[in-house]
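Only one structure is covered here, and it is reproduced in the block below.
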Amino acid sequence: MIAIVDYGLGNLFSLQRSLRYIGQESVITADPSALEQAEKIILPGVGAFGDAAERLQKTGLGQAVVAQAEAGKPLLGICLGMQLLFEKGYEFGEHEGLGLIPGTVEEIVVPDRRRYKLPQMGWNSLRLLKKHPLFAGVKEGDYVYFVHSFHGCRCEDSVIAVTDYGIPVTAAAARDNVWGTQFHPEKSGPVGLAILQAFAEQEGTP
Amino acid sequence: MLAKRIIPCLDVRDGRVVKGINFKDLNDVSSPVELAARYSDGGADELVFYDITASAEGRRLFTDILRETAERVFIPLTVGGGINDLGDFDRVLKCGADKVSVNSGAIRDPSLIGAAAKRYGSQCVVLSADVKRVKGSFHIFAKGGRTDTGIPAIDWIRRAAESGAGEIVVNSIDTDGVKQGFDLEMLNAVCEAVSVPVVASGGAGKIEDFLELFQKIPGVDAGLAASIFHFGTVEIGELKRRLLENGIPARL
């Protein structure tokens with residue numbers, strides 16, 4: 001059973017539907033203790049970093065996610081959920097993240113805002129920097145769906161894929177059992193489903 | 001580099017696709033769910049469902065098929081038609097829409113765009129604008145393109161983007177249905193005015209029309225069409241291959 005963390009931001013149903021499509025049971029939950037029962041955890045989210053971080057803190061879900069991840073349970077952050085894995089976010093001020101992956105979240109500095117509109121919204125191709133189990137069903141250059149203006153920075157050791165948007169933009173990062181994708185695998189067609197499948201098949205590191 | 005998006009649009013009435021559809025090997029050519037799955041498998045980058053239902057019963061059927069489509073289609077889904085308030089946003093988002101497109105609803109209540117952007121985020125709010133030339137200037141038309149509102153189109157679109165619309169669909173009434181190519185002059189004017197993604201609609205009749213669109217107006221992010229895809233005049237895989245051959249980024 002995969003727990004999808006519900007802290008009140010974003011449309012979680014399409015994520016649940018895509019997991020069901022690949023034969024994975026999941027539960028959408030706002031209960032920190034439910035994360036203990038789950039085999040794996042997905043932290044989704046759209047919206048602003050500060051608001052999300054505050055909600056995670058207030059509900060106790062943030063602490064529960066960190067505790068489970070530190071115990072070795074597989075965790076996947078998606079979009080804003082991935083950004084929250086880092087130490088700090090700089091969207092409308094400075095905010096504390098969950099600190100599970102070293103790095104910060106900053107606005108994408110594009111060379112030309114007319115050519116590279118923000119948010120980056122649409123399909124862009126992956127440049128795979130490291131071999132990683134998340135990419136078991138992914139080829140270099142495969143397209144995935146992005147909607148974001150911010151991305152992971154100062155996280156060179158954990159970046160496993162980038163996408164080119166005037167500059168290399170952090171597309172996926174991983175540190176041990178904690179993985180994150182800036183793009184939406186649940187909206188990325190067959191490539192995205194393969195990525196969710198890879199996560200679902202991942203064993204924890206007890 | 002972002003791929004240029006190719007977007008088929010399905011008009012849905014009472015839960016069924018209207019307009020002619022010509023897929024020989026498809027059992028139920030008026031099932032939006034079947035067609036959506038077909039387009040998704042065939043390389044469409046996004047789908048637009050446009051609800052042209054008038055009745056409450058038809059609206060319920062629409063949300064049912066939306067839910068069913070979202071069970072099988074894992075690309076972005078935009079829903080338009082009959083979006084008049086935040087309740088309508090909520091209704092279609094809960095059924096699996098990723099973006100919601102407003103047209104007449106925003107003309108009646110211009111504050112709708114800002115309110116929706118605040119609640120759901122700009123990435124979720126699309127302004128669909130029906131634009132036509134009137135005595136040499138672009139006007140916004142309402143009621144499915146039948147009524148001239150007198151509103152200057154470029155101003156309207158700029159204000160919508162400033163209020164929080166995260167994407168603009170520009171439907172040229174002048175070129176719609178003519179199949180002689182997109183309205184490049186109109187699209188260029190819109191791209192000059194806003195910095196959010198612009199989707200071109202109205203006028204595509206063949207692959208070359210998409211090539212011309214993306215080559216001449218680099219600010220356009222996507223091309224939307226209906227009947228040429230439904231009738232198989234343009235096959236999406238072939239269209240994408242031609243885009244790539246011509247150096248235009250596309251997702252195959």
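Please note that chains go A, B, ... in the order of the structure tokens, that every chain numbers its residues from 1, and that ligands are numbered from 1 in the order shown.
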### Task
Please report, as a list of chain:residue names, each residue of range 149-185 of chain B to which DSSP assigns strand (DSSP E or B) when run on this structure's backbone.
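Filtering range 149-185 of chain B to strand (DSSP E or B) leaves B:Thr149, B:Gly150, B:Ile151, B:Pro152, B:Glu167, B:Ile168, B:Val169, B:Val170, B:Asn171, B:Ser172.
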### Task
Excluding Asp85 in chain B and residues on its chain fewer than 2 positions from it, collect all residues at most 9 Å away from it, counting only C-alpha atoms, and give them as a ChimeraX atom specification.
/B:83,87-90,105-106,109,112,116
Write the residues of the preceding selection, restricted to N, CA and C atoms, as a PDB file, in the first residue's frame.
ATOM      1  N   ILE B  83     -18.344  27.039 -17.880  1.00  0.00           N
ATOM      2  CA  ILE B  83     -17.619  27.369 -16.642  1.00  0.00           C
ATOM      3  C   ILE B  83     -17.947  28.814 -16.265  1.00  0.00           C
ATOM      4  N   GLY B  87     -17.650  27.150  -8.450  1.00  0.00           N
ATOM      5  CA  GLY B  87     -18.299  25.844  -8.301  1.00  0.00           C
ATOM      6  C   GLY B  87     -18.083  24.981  -9.533  1.00  0.00           C
ATOM      7  N   ASP B  88     -18.107  25.613 -10.724  1.00  0.00           N
ATOM      8  CA  ASP B  88     -17.871  24.857 -11.955  1.00  0.00           C
ATOM      9  C   ASP B  88     -16.412  24.383 -12.036  1.00  0.00           C
ATOM     10  N   PHE B  89     -15.495  25.240 -11.604  1.00  0.00           N
ATOM     11  CA  PHE B  89     -14.084  24.834 -11.533  1.00  0.00           C
ATOM     12  C   PHE B  89     -13.959  23.587 -10.651  1.00  0.00           C
ATOM     13  N   ASP B  90     -14.553  23.681  -9.493  1.00  0.00           N
ATOM     14  CA  ASP B  90     -14.461  22.609  -8.520  1.00  0.00           C
ATOM     15  C   ASP B  90     -15.015  21.297  -9.082  1.00  0.00           C
ATOM     16  N   GLY B 105     -17.956  32.899 -19.379  1.00  0.00           N
ATOM     17  CA  GLY B 105     -18.039  33.073 -17.932  1.00  0.00           C
ATOM     18  C   GLY B 105     -17.170  34.235 -17.466  1.00  0.00           C
ATOM     19  N   ALA B 106     -16.012  34.407 -18.105  1.00  0.00           N
ATOM     20  CA  ALA B 106     -15.106  35.493 -17.734  1.00  0.00           C
ATOM     21  C   ALA B 106     -15.584  36.825 -18.294  1.00  0.00           C
ATOM     22  N   ASP B 109     -18.298  37.791 -15.848  1.00  0.00           N
ATOM     23  CA  ASP B 109     -17.738  38.126 -14.538  1.00  0.00           C
ATOM     24  C   ASP B 109     -16.213  38.108 -14.623  1.00  0.00           C
ATOM     25  N   LEU B 112     -13.736  36.357 -12.206  1.00  0.00           N
ATOM     26  CA  LEU B 112     -13.650  34.897 -12.093  1.00  0.00           C
ATOM     27  C   LEU B 112     -12.214  34.393 -12.272  1.00  0.00           C
ATOM     28  N   ALA B 116     -10.244  32.304  -9.460  1.00  0.00           N
ATOM     29  CA  ALA B 116      -9.871  30.907  -9.734  1.00  0.00           C
ATOM     30  C   ALA B 116      -8.364  30.719  -9.617  1.00  0.00           C
TER      31      ALA B 116
END
#### Entry: Contacts of range 9-21 of chain A at 9 Å (only C-alpha atoms; same-chain gap of 6+ positions) as JSON, numbers by chain
{"A": [2, 27, 28, 44, 45, 46, 47, 52, 184, 185, 186, 187, 193, 196, 197, 200], "B": [70, 71, 72, 73, 74, 93, 94, 95, 96, 97, 98, 120]}
### Task
Determine which residues of chain B sit within 6 Å of chain A, taking into account only C-alpha atoms, and present them as a PyMOL selection string.
chain B and resi 1-3+71+74-76
### Message
So that I can see what lies close to Val12 in chain B, please list as a VMD selection string the residues with an atom at most 8 Å from it, counting only C-alpha atoms and leaving out residues fewer than 6 positions away in the same chain.
### Response
chain B and resid 18 32 49 to 53 62
#### Entry: Selection near Ala153 in chain B, 9 Å with only C-alpha atoms, sequence-local residues under 5 positions removed, as a list in words
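Surrounding residues, per the criterion: Ala129, Asp130, Val131, Lys132, Ser137, Phe138, His139, Ile140, Phe141, Arg158 and Val190 of chain B.
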